[in-house]
Structures are given as C-alpha cells and as structure tokens.
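**Student:** Data file start_30.cif (mmCIF, N, CA and C atoms) is appended below.
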```cif
data_model
#
loop_
_atom_site.label_atom_id
_atom_site.label_comp_id
_atom_site.auth_asym_id
_atom_site.auth_seq_id
_atom_site.Cartn_x
_atom_site.Cartn_y
_atom_site.Cartn_z
N MET A 1 8.27 3.08 -29.66
CA MET A 1 7.26 2.88 -28.64
C MET A 1 7.42 3.98 -27.59
N SER A 2 6.31 4.52 -27.14
CA SER A 2 6.34 5.60 -26.16
C SER A 2 6.56 5.03 -24.76
N PRO A 3 7.19 5.82 -23.87
CA PRO A 3 7.42 5.35 -22.50
C PRO A 3 6.09 5.21 -21.77
N PRO A 4 6.05 4.37 -20.70
CA PRO A 4 4.80 4.21 -19.97
C PRO A 4 4.38 5.51 -19.30
N PHE A 5 3.07 5.69 -19.19
CA PHE A 5 2.52 6.88 -18.54
C PHE A 5 2.89 6.83 -17.07
N ARG A 6 3.54 7.87 -16.57
CA ARG A 6 3.94 7.94 -15.16
C ARG A 6 3.46 9.24 -14.57
N PRO A 7 2.24 9.28 -14.07
CA PRO A 7 1.75 10.51 -13.47
C PRO A 7 2.58 10.87 -12.25
N THR A 8 2.82 12.14 -12.07
CA THR A 8 3.58 12.59 -10.91
C THR A 8 2.68 13.14 -9.82
N THR A 9 1.42 13.32 -10.13
CA THR A 9 0.46 13.78 -9.13
C THR A 9 -0.77 12.89 -9.18
N GLN A 10 -1.46 12.81 -8.07
CA GLN A 10 -2.67 12.00 -8.02
C GLN A 10 -3.76 12.54 -8.93
N SER A 11 -3.78 13.85 -9.15
CA SER A 11 -4.85 14.42 -9.96
C SER A 11 -4.74 14.02 -11.43
N ALA A 12 -3.56 13.58 -11.87
CA ALA A 12 -3.39 13.18 -13.27
C ALA A 12 -3.86 11.75 -13.52
N ILE A 13 -4.28 11.05 -12.50
CA ILE A 13 -4.65 9.64 -12.61
C ILE A 13 -6.14 9.50 -12.90
N SER A 14 -6.45 8.72 -13.94
CA SER A 14 -7.86 8.56 -14.29
C SER A 14 -8.31 7.10 -14.32
N SER A 15 -7.40 6.15 -14.02
CA SER A 15 -7.78 4.74 -14.00
C SER A 15 -6.93 4.00 -12.97
N TYR A 16 -7.44 2.84 -12.55
CA TYR A 16 -6.67 2.05 -11.59
C TYR A 16 -5.36 1.56 -12.22
N ARG A 17 -5.38 1.30 -13.50
CA ARG A 17 -4.16 0.86 -14.20
C ARG A 17 -3.05 1.91 -14.07
N GLN A 18 -3.41 3.17 -14.09
CA GLN A 18 -2.45 4.25 -13.88
C GLN A 18 -2.12 4.41 -12.39
N PHE A 19 -3.10 4.16 -11.55
CA PHE A 19 -2.92 4.36 -10.12
C PHE A 19 -1.93 3.37 -9.50
N TRP A 20 -1.99 2.11 -9.90
CA TRP A 20 -1.18 1.07 -9.27
C TRP A 20 0.32 1.39 -9.29
N PRO A 21 0.94 1.71 -10.43
CA PRO A 21 2.37 2.06 -10.38
C PRO A 21 2.64 3.33 -9.58
N PHE A 22 1.72 4.29 -9.63
CA PHE A 22 1.86 5.50 -8.83
C PHE A 22 1.85 5.14 -7.34
N TYR A 23 0.92 4.28 -6.96
CA TYR A 23 0.83 3.82 -5.57
C TYR A 23 2.15 3.19 -5.14
N LEU A 24 2.70 2.32 -5.97
CA LEU A 24 3.96 1.67 -5.62
C LEU A 24 5.09 2.68 -5.47
N ARG A 25 5.14 3.67 -6.33
CA ARG A 25 6.19 4.70 -6.22
C ARG A 25 6.01 5.54 -4.97
N GLU A 26 4.78 5.69 -4.50
CA GLU A 26 4.52 6.40 -3.25
C GLU A 26 4.91 5.56 -2.04
N HIS A 27 5.26 4.30 -2.28
CA HIS A 27 5.70 3.36 -1.24
C HIS A 27 7.07 2.81 -1.62
N ALA A 28 7.93 3.68 -2.10
CA ALA A 28 9.23 3.27 -2.63
C ALA A 28 10.18 2.76 -1.57
N LYS A 29 10.09 3.28 -0.37
CA LYS A 29 11.02 2.88 0.68
C LYS A 29 10.56 1.57 1.34
N PRO A 30 11.48 0.62 1.50
CA PRO A 30 11.09 -0.67 2.09
C PRO A 30 10.44 -0.53 3.47
N ALA A 31 10.87 0.42 4.28
CA ALA A 31 10.27 0.59 5.60
C ALA A 31 8.81 1.02 5.51
N THR A 32 8.50 1.85 4.52
CA THR A 32 7.10 2.25 4.32
C THR A 32 6.25 1.04 3.96
N ARG A 33 6.76 0.24 3.05
CA ARG A 33 6.02 -0.97 2.67
C ARG A 33 5.87 -1.92 3.85
N ALA A 34 6.91 -2.05 4.66
CA ALA A 34 6.85 -2.94 5.82
C ALA A 34 5.75 -2.51 6.80
N TRP A 35 5.67 -1.21 7.07
CA TRP A 35 4.62 -0.71 7.97
C TRP A 35 3.24 -0.91 7.37
N HIS A 36 3.11 -0.72 6.05
CA HIS A 36 1.83 -0.96 5.39
C HIS A 36 1.42 -2.42 5.48
N ILE A 37 2.36 -3.29 5.18
CA ILE A 37 2.05 -4.73 5.19
C ILE A 37 1.69 -5.18 6.59
N ALA A 38 2.42 -4.71 7.59
CA ALA A 38 2.10 -5.05 8.98
C ALA A 38 0.71 -4.53 9.37
N GLY A 39 0.43 -3.28 9.05
CA GLY A 39 -0.87 -2.69 9.39
C GLY A 39 -2.01 -3.36 8.66
N THR A 40 -1.83 -3.62 7.37
CA THR A 40 -2.88 -4.27 6.58
C THR A 40 -3.13 -5.68 7.09
N SER A 41 -2.06 -6.40 7.38
CA SER A 41 -2.21 -7.78 7.90
C SER A 41 -2.95 -7.78 9.23
N LEU A 42 -2.55 -6.89 10.12
CA LEU A 42 -3.22 -6.80 11.42
C LEU A 42 -4.69 -6.42 11.25
N ALA A 43 -4.96 -5.48 10.37
CA ALA A 43 -6.34 -5.04 10.15
C ALA A 43 -7.21 -6.19 9.63
N VAL A 44 -6.69 -6.97 8.70
CA VAL A 44 -7.46 -8.09 8.15
C VAL A 44 -7.75 -9.12 9.24
N VAL A 45 -6.76 -9.45 10.05
CA VAL A 45 -6.96 -10.43 11.13
C VAL A 45 -8.00 -9.92 12.13
N VAL A 46 -7.89 -8.66 12.52
CA VAL A 46 -8.83 -8.09 13.50
C VAL A 46 -10.23 -7.99 12.90
N LEU A 47 -10.33 -7.60 11.64
CA LEU A 47 -11.64 -7.53 10.98
C LEU A 47 -12.30 -8.91 10.94
N LEU A 48 -11.54 -9.91 10.52
CA LEU A 48 -12.11 -11.27 10.46
C LEU A 48 -12.47 -11.79 11.86
N ALA A 49 -11.65 -11.48 12.85
CA ALA A 49 -11.98 -11.88 14.22
C ALA A 49 -13.25 -11.19 14.69
N GLY A 50 -13.38 -9.91 14.39
CA GLY A 50 -14.58 -9.17 14.77
C GLY A 50 -15.83 -9.74 14.13
N ILE A 51 -15.72 -10.10 12.86
CA ILE A 51 -16.86 -10.69 12.16
C ILE A 51 -17.15 -12.08 12.73
N GLY A 52 -16.10 -12.89 12.88
CA GLY A 52 -16.27 -14.26 13.37
C GLY A 52 -16.80 -14.34 14.78
N LEU A 53 -16.41 -13.38 15.61
CA LEU A 53 -16.86 -13.37 17.00
C LEU A 53 -18.10 -12.49 17.22
N SER A 54 -18.60 -11.91 16.15
CA SER A 54 -19.76 -11.01 16.20
C SER A 54 -19.52 -9.83 17.12
N HIS A 55 -18.32 -9.27 17.08
CA HIS A 55 -17.98 -8.08 17.86
C HIS A 55 -17.75 -6.92 16.89
N SER A 56 -18.78 -6.11 16.71
CA SER A 56 -18.65 -5.02 15.74
C SER A 56 -17.56 -4.03 16.14
N TRP A 57 -17.36 -3.83 17.44
CA TRP A 57 -16.32 -2.90 17.89
C TRP A 57 -14.93 -3.39 17.45
N LEU A 58 -14.75 -4.70 17.44
CA LEU A 58 -13.47 -5.26 17.02
C LEU A 58 -13.28 -5.08 15.51
N ALA A 59 -14.35 -5.28 14.77
CA ALA A 59 -14.28 -5.08 13.33
C ALA A 59 -13.98 -3.62 13.00
N LEU A 60 -14.58 -2.70 13.75
CA LEU A 60 -14.30 -1.27 13.52
C LEU A 60 -12.88 -0.89 13.91
N ALA A 61 -12.30 -1.60 14.86
CA ALA A 61 -10.92 -1.32 15.28
C ALA A 61 -9.93 -1.61 14.15
N ALA A 62 -10.35 -2.39 13.17
CA ALA A 62 -9.47 -2.72 12.05
C ALA A 62 -9.05 -1.46 11.29
N LEU A 63 -9.92 -0.46 11.21
CA LEU A 63 -9.58 0.76 10.46
C LEU A 63 -8.37 1.49 11.02
N PRO A 64 -8.38 1.88 12.29
CA PRO A 64 -7.19 2.57 12.80
C PRO A 64 -5.97 1.67 12.90
N LEU A 65 -6.19 0.37 13.11
CA LEU A 65 -5.05 -0.55 13.18
C LEU A 65 -4.37 -0.71 11.83
N GLY A 66 -5.15 -0.61 10.77
CA GLY A 66 -4.58 -0.72 9.43
C GLY A 66 -4.01 0.59 8.93
N TYR A 67 -4.78 1.65 9.07
CA TYR A 67 -4.34 2.94 8.53
C TYR A 67 -3.34 3.67 9.42
N GLY A 68 -3.39 3.46 10.72
CA GLY A 68 -2.46 4.15 11.63
C GLY A 68 -1.00 3.94 11.25
N PRO A 69 -0.53 2.69 11.21
CA PRO A 69 0.87 2.46 10.85
C PRO A 69 1.21 2.96 9.44
N ALA A 70 0.26 2.80 8.53
CA ALA A 70 0.50 3.23 7.15
C ALA A 70 0.68 4.74 7.07
N TRP A 71 -0.18 5.49 7.71
CA TRP A 71 -0.09 6.94 7.66
C TRP A 71 1.15 7.45 8.37
N VAL A 72 1.50 6.84 9.50
CA VAL A 72 2.73 7.23 10.18
C VAL A 72 3.92 7.02 9.25
N ALA A 73 3.93 5.89 8.54
CA ALA A 73 5.02 5.61 7.60
C ALA A 73 5.09 6.66 6.50
N HIS A 74 3.94 7.09 6.00
CA HIS A 74 3.95 8.12 4.94
C HIS A 74 4.55 9.42 5.45
N PHE A 75 4.11 9.85 6.61
CA PHE A 75 4.56 11.15 7.11
C PHE A 75 5.98 11.09 7.67
N ALA A 76 6.35 10.01 8.36
CA ALA A 76 7.65 9.93 9.02
C ALA A 76 8.76 9.33 8.16
N ILE A 77 8.43 8.39 7.28
CA ILE A 77 9.45 7.69 6.51
C ILE A 77 9.47 8.16 5.05
N GLU A 78 8.35 8.05 4.40
CA GLU A 78 8.29 8.36 2.96
C GLU A 78 8.22 9.87 2.70
N LYS A 79 7.72 10.61 3.70
CA LYS A 79 7.58 12.07 3.60
C LYS A 79 6.65 12.48 2.45
N ASN A 80 5.53 11.78 2.36
CA ASN A 80 4.52 12.14 1.37
C ASN A 80 3.13 12.00 1.98
N ARG A 81 2.14 12.33 1.21
CA ARG A 81 0.75 12.30 1.69
C ARG A 81 0.10 10.99 1.25
N PRO A 82 -0.57 10.28 2.16
CA PRO A 82 -1.20 9.02 1.78
C PRO A 82 -2.18 9.19 0.61
N THR A 83 -2.17 8.21 -0.29
CA THR A 83 -3.08 8.24 -1.43
C THR A 83 -4.53 8.01 -1.01
N THR A 84 -4.72 7.58 0.22
CA THR A 84 -6.06 7.31 0.75
C THR A 84 -6.96 8.53 0.66
N PHE A 85 -6.39 9.71 0.82
CA PHE A 85 -7.20 10.92 0.87
C PHE A 85 -7.83 11.27 -0.48
N ARG A 86 -7.17 10.95 -1.57
CA ARG A 86 -7.70 11.31 -2.88
C ARG A 86 -8.37 10.13 -3.58
N HIS A 87 -7.85 8.92 -3.38
CA HIS A 87 -8.37 7.72 -4.03
C HIS A 87 -8.58 6.62 -2.98
N PRO A 88 -9.58 6.76 -2.12
CA PRO A 88 -9.71 5.83 -0.99
C PRO A 88 -9.94 4.37 -1.39
N LEU A 89 -10.77 4.10 -2.38
CA LEU A 89 -11.05 2.71 -2.75
C LEU A 89 -9.87 2.08 -3.48
N TRP A 90 -9.27 2.83 -4.40
CA TRP A 90 -8.09 2.32 -5.10
C TRP A 90 -6.94 2.11 -4.12
N SER A 91 -6.83 2.98 -3.14
CA SER A 91 -5.78 2.86 -2.14
C SER A 91 -5.99 1.61 -1.29
N LEU A 92 -7.21 1.37 -0.86
CA LEU A 92 -7.51 0.17 -0.08
C LEU A 92 -7.22 -1.08 -0.90
N ALA A 93 -7.68 -1.10 -2.15
CA ALA A 93 -7.42 -2.25 -3.02
C ALA A 93 -5.92 -2.46 -3.20
N SER A 94 -5.19 -1.38 -3.31
CA SER A 94 -3.74 -1.47 -3.51
C SER A 94 -3.02 -1.91 -2.24
N ASP A 95 -3.51 -1.48 -1.07
CA ASP A 95 -2.94 -1.97 0.20
C ASP A 95 -3.07 -3.50 0.26
N LEU A 96 -4.25 -3.99 -0.06
CA LEU A 96 -4.49 -5.42 -0.03
C LEU A 96 -3.69 -6.14 -1.11
N ARG A 97 -3.61 -5.53 -2.29
CA ARG A 97 -2.84 -6.13 -3.39
C ARG A 97 -1.35 -6.19 -3.05
N MET A 98 -0.79 -5.09 -2.54
CA MET A 98 0.62 -5.06 -2.20
C MET A 98 0.93 -6.09 -1.11
N THR A 99 0.08 -6.16 -0.10
CA THR A 99 0.28 -7.12 0.98
C THR A 99 0.21 -8.55 0.46
N SER A 100 -0.78 -8.83 -0.37
CA SER A 100 -0.93 -10.18 -0.94
C SER A 100 0.28 -10.56 -1.79
N LEU A 101 0.72 -9.62 -2.63
CA LEU A 101 1.89 -9.89 -3.47
C LEU A 101 3.14 -10.14 -2.64
N TRP A 102 3.29 -9.42 -1.53
CA TRP A 102 4.43 -9.63 -0.66
C TRP A 102 4.40 -11.05 -0.07
N TYR A 103 3.21 -11.48 0.40
CA TYR A 103 3.09 -12.80 1.00
C TYR A 103 3.40 -13.93 0.02
N ILE A 104 3.07 -13.74 -1.24
CA ILE A 104 3.32 -14.82 -2.22
C ILE A 104 4.64 -14.61 -2.98
N GLY A 105 5.41 -13.60 -2.60
CA GLY A 105 6.73 -13.41 -3.18
C GLY A 105 6.76 -12.78 -4.56
N ARG A 106 5.73 -12.06 -4.93
CA ARG A 106 5.68 -11.46 -6.27
C ARG A 106 5.71 -9.93 -6.27
N LEU A 107 5.93 -9.33 -5.13
CA LEU A 107 5.93 -7.87 -5.07
C LEU A 107 7.12 -7.27 -5.81
N ARG A 108 8.29 -7.90 -5.74
CA ARG A 108 9.50 -7.35 -6.38
C ARG A 108 9.27 -7.09 -7.87
N ARG A 109 8.60 -8.01 -8.56
CA ARG A 109 8.33 -7.85 -9.98
C ARG A 109 7.48 -6.60 -10.25
N GLU A 110 6.49 -6.38 -9.40
CA GLU A 110 5.64 -5.20 -9.55
C GLU A 110 6.43 -3.91 -9.27
N LEU A 111 7.29 -3.95 -8.25
CA LEU A 111 8.12 -2.78 -7.94
C LEU A 111 9.05 -2.47 -9.09
N ASP A 112 9.67 -3.49 -9.66
CA ASP A 112 10.54 -3.30 -10.81
C ASP A 112 9.77 -2.66 -11.97
N GLY A 113 8.56 -3.13 -12.20
CA GLY A 113 7.73 -2.59 -13.28
C GLY A 113 7.36 -1.13 -13.06
N ALA A 114 7.32 -0.70 -11.80
CA ALA A 114 6.99 0.68 -11.46
C ALA A 114 8.25 1.55 -11.39
N GLY A 115 9.41 0.94 -11.67
CA GLY A 115 10.65 1.70 -11.66
C GLY A 115 11.30 1.84 -10.29
N ILE A 116 10.94 0.96 -9.36
CA ILE A 116 11.51 1.01 -8.02
C ILE A 116 12.51 -0.13 -7.91
N GLY A 117 13.78 0.21 -7.91
CA GLY A 117 14.83 -0.80 -7.82
C GLY A 117 14.93 -1.38 -6.43
N PRO A 118 15.74 -2.44 -6.30
CA PRO A 118 15.93 -3.04 -4.98
C PRO A 118 16.67 -2.08 -4.05
N PRO A 119 16.49 -2.24 -2.74
CA PRO A 119 17.17 -1.37 -1.78
C PRO A 119 18.70 -1.46 -1.96
N ALA A 120 19.37 -0.39 -1.67
CA ALA A 120 20.83 -0.36 -1.76
C ALA A 120 21.43 -1.46 -0.89
N GLY A 121 22.46 -2.09 -1.41
CA GLY A 121 23.14 -3.13 -0.64
C GLY A 121 22.52 -4.50 -0.75
N THR A 122 21.50 -4.65 -1.62
CA THR A 122 20.88 -5.96 -1.83
C THR A 122 21.04 -6.35 -3.28
N SER A 123 20.89 -7.62 -3.53
CA SER A 123 21.00 -8.09 -4.91
C SER A 123 19.64 -8.23 -5.57
N GLY A 124 18.59 -7.88 -4.87
CA GLY A 124 17.29 -7.98 -5.49
C GLY A 124 16.30 -8.43 -4.52
#
```
Mind turning this structure into structure tokens?
**Tutor:**
Amino acid sequence: MSPPFRPTTQSAISSYRQFWPFYLREHAKPATRAWHIAGTSLAVVVLLAGIGLSHSWLALAALPLGYGPAWVAHFAIEKNRPTTFRHPLWSLASDLRMTSLWYIGRLRRELDGAGIGPPAGTSG
C-alpha cells in the first residue's frame, strides 16, 4: 500500500480531502491552534450577536476578530503563511472544523492522522 499523499506546498493541493491534513500540519504547534480556536470562537459569537441584534457593524467585526489572532499565530508562533491567502473557503471551513473538533474532544485523532504527535511532555 502506498503512503498517504502529503503535499508540502499549497499549490500541490487539488481537493479538500488533501487540504485538511495539510491545514492541520500548518497548525502543528498547540499555541497556534489555541489562538485559532480562540479567534474562531470569538468570531462566531460576535457574528451571531451581530445578526441577532441586527447590527451589521458587529457582524463585520467578526472577520478581524477571527483572523487577527490566527494570522498573528502563523507569523509569530508557527512561522508560516496562513492558508487563507491561497484557499480562503477551505481555510474557513477548516477553522470551523478544527474548532468544532476541539470542543467535542476529537481533534487529537485528526492530528494523529495528519502525523502531528502530542506535544512534548504529554501522554496524548
């Protein structure tokens, strides 16, 4: 059996099935994932509040509140370029997917599948 396809650049990706493990590897450091999950969670809450309160300005604020922490994490912690620039819709879907999986306790399995082991000093 051949090893799983592991693109090393975004340009080699032609499907979301290939993108998802690449996305996870681009978020290999726990601190990067933490900033993404915090930003995505805040963005969803602010977006829903903006819609519920009929405040379009609040709904629009969700974009920088979500992407700001994520991009800072990429540049300062992970030292890579956000996938948002090349695959914006897949990146957004993956932000939401990663956050959802974290909340329900299933993210570790996905990280393992992408070849990202647990942080040093932890048992899993």
**Student:** Counting only C-alpha atoms, give me one row per residue of region 1-66 of chain A with an atom at most 8 Å from an atom of region 76-87 of chain A, showing the shortest contact pair and its distance in Å to one decimal, sorted by chain then residue number, as a Markdown table.
**Tutor:**
```
| residue | atom | partner | partner_atom | distance |
| --- | --- | --- | --- | --- |
| A:Gln10 | CA | A:Arg86 | CA | 7.2 |
| A:Tyr23 | CA | A:Thr83 | CA | 7.2 |
| A:Glu26 | CA | A:Asn80 | CA | 7.4 |
| A:His27 | CA | A:Glu78 | CA | 7.0 |
| A:Ala28 | CA | A:Glu78 | CA | 7.6 |
| A:Lys29 | CA | A:Glu78 | CA | 6.5 |
| A:Ala31 | CA | A:Ile77 | CA | 7.2 |
| A:Thr32 | CA | A:Ile77 | CA | 6.3 |
```
**Student:** Mind checking which residues fall within 7 Å of region 107-120 of chain A, counting only N, CA and C atoms, ignoring those fewer than 6 positions away in the same chain, and posting them as a list in words?
**Tutor:**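 Residues meeting the cut-off are Pro21, Phe22, Leu24, Arg25, Ala28, Pro30, Met98, Ser100 and Leu101 of chain A.
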**Student:** What is the CA of Ser15 (chain A) to CA of Leu65 (chain A) distance in Å?
**Tutor:**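 Distance between the two atoms: 27.8 Å.
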**Student:** In Å to one decimal, how far is atom N of Leu96 (chain A) from atom N of Ser41 (chain A)?
**Tutor:**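 Going from atom N of Ser41 (chain A) over to atom N of Leu96 (chain A) covers 8.1 Å.
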**Student:** As a check of understanding, name the residues that the PyMOL selection byres ((chain A and resi 36) around 8) selects in the supplied structure, as a ChimeraX atom specification.
**Tutor:** /A:30-35,37-42,66-67,69-71,73-74,95,98-99
**Student:** Would you compute the distance between atom C of Pro88 (chain A) and atom C of His55 (chain A)? Give it in Å to one decimal.
**Tutor:**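 Atom-to-atom, atom C of Pro88 (chain A) and atom C of His55 (chain A) are spaced 22.9 Å apart.
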**Student:** Going by DSSP on the backbone, which bits of region 9-123 of chain A are alpha helix (DSSP H)? Write them as a PyMOL selection string, please.
**Tutor:** chain A and resi 16-25+30-52+56-73+88-103+107-113
**Student:** Find the axis-aligned box for region 76-95 of chain A, covering all its listed atoms and adding 3 Å on each side, and write its centre and edge lengths in Å to one decimal as lines of an AutoDock Vina configuration file.
**Tutor:**
```
center_x = -0.8
center_y = 4.5
center_z = 2.0
size_x = 26.5
size_y = 22.0
size_z = 20.1
```
**Student:** Evaluate the PyMOL selection byres ((chain A and resi 62) around 8) and record the selected residues as a PyMOL selection string, following the chain and residue labels used in the document.
**Tutor:** chain A and resi 39+42-48+56-61+63-68
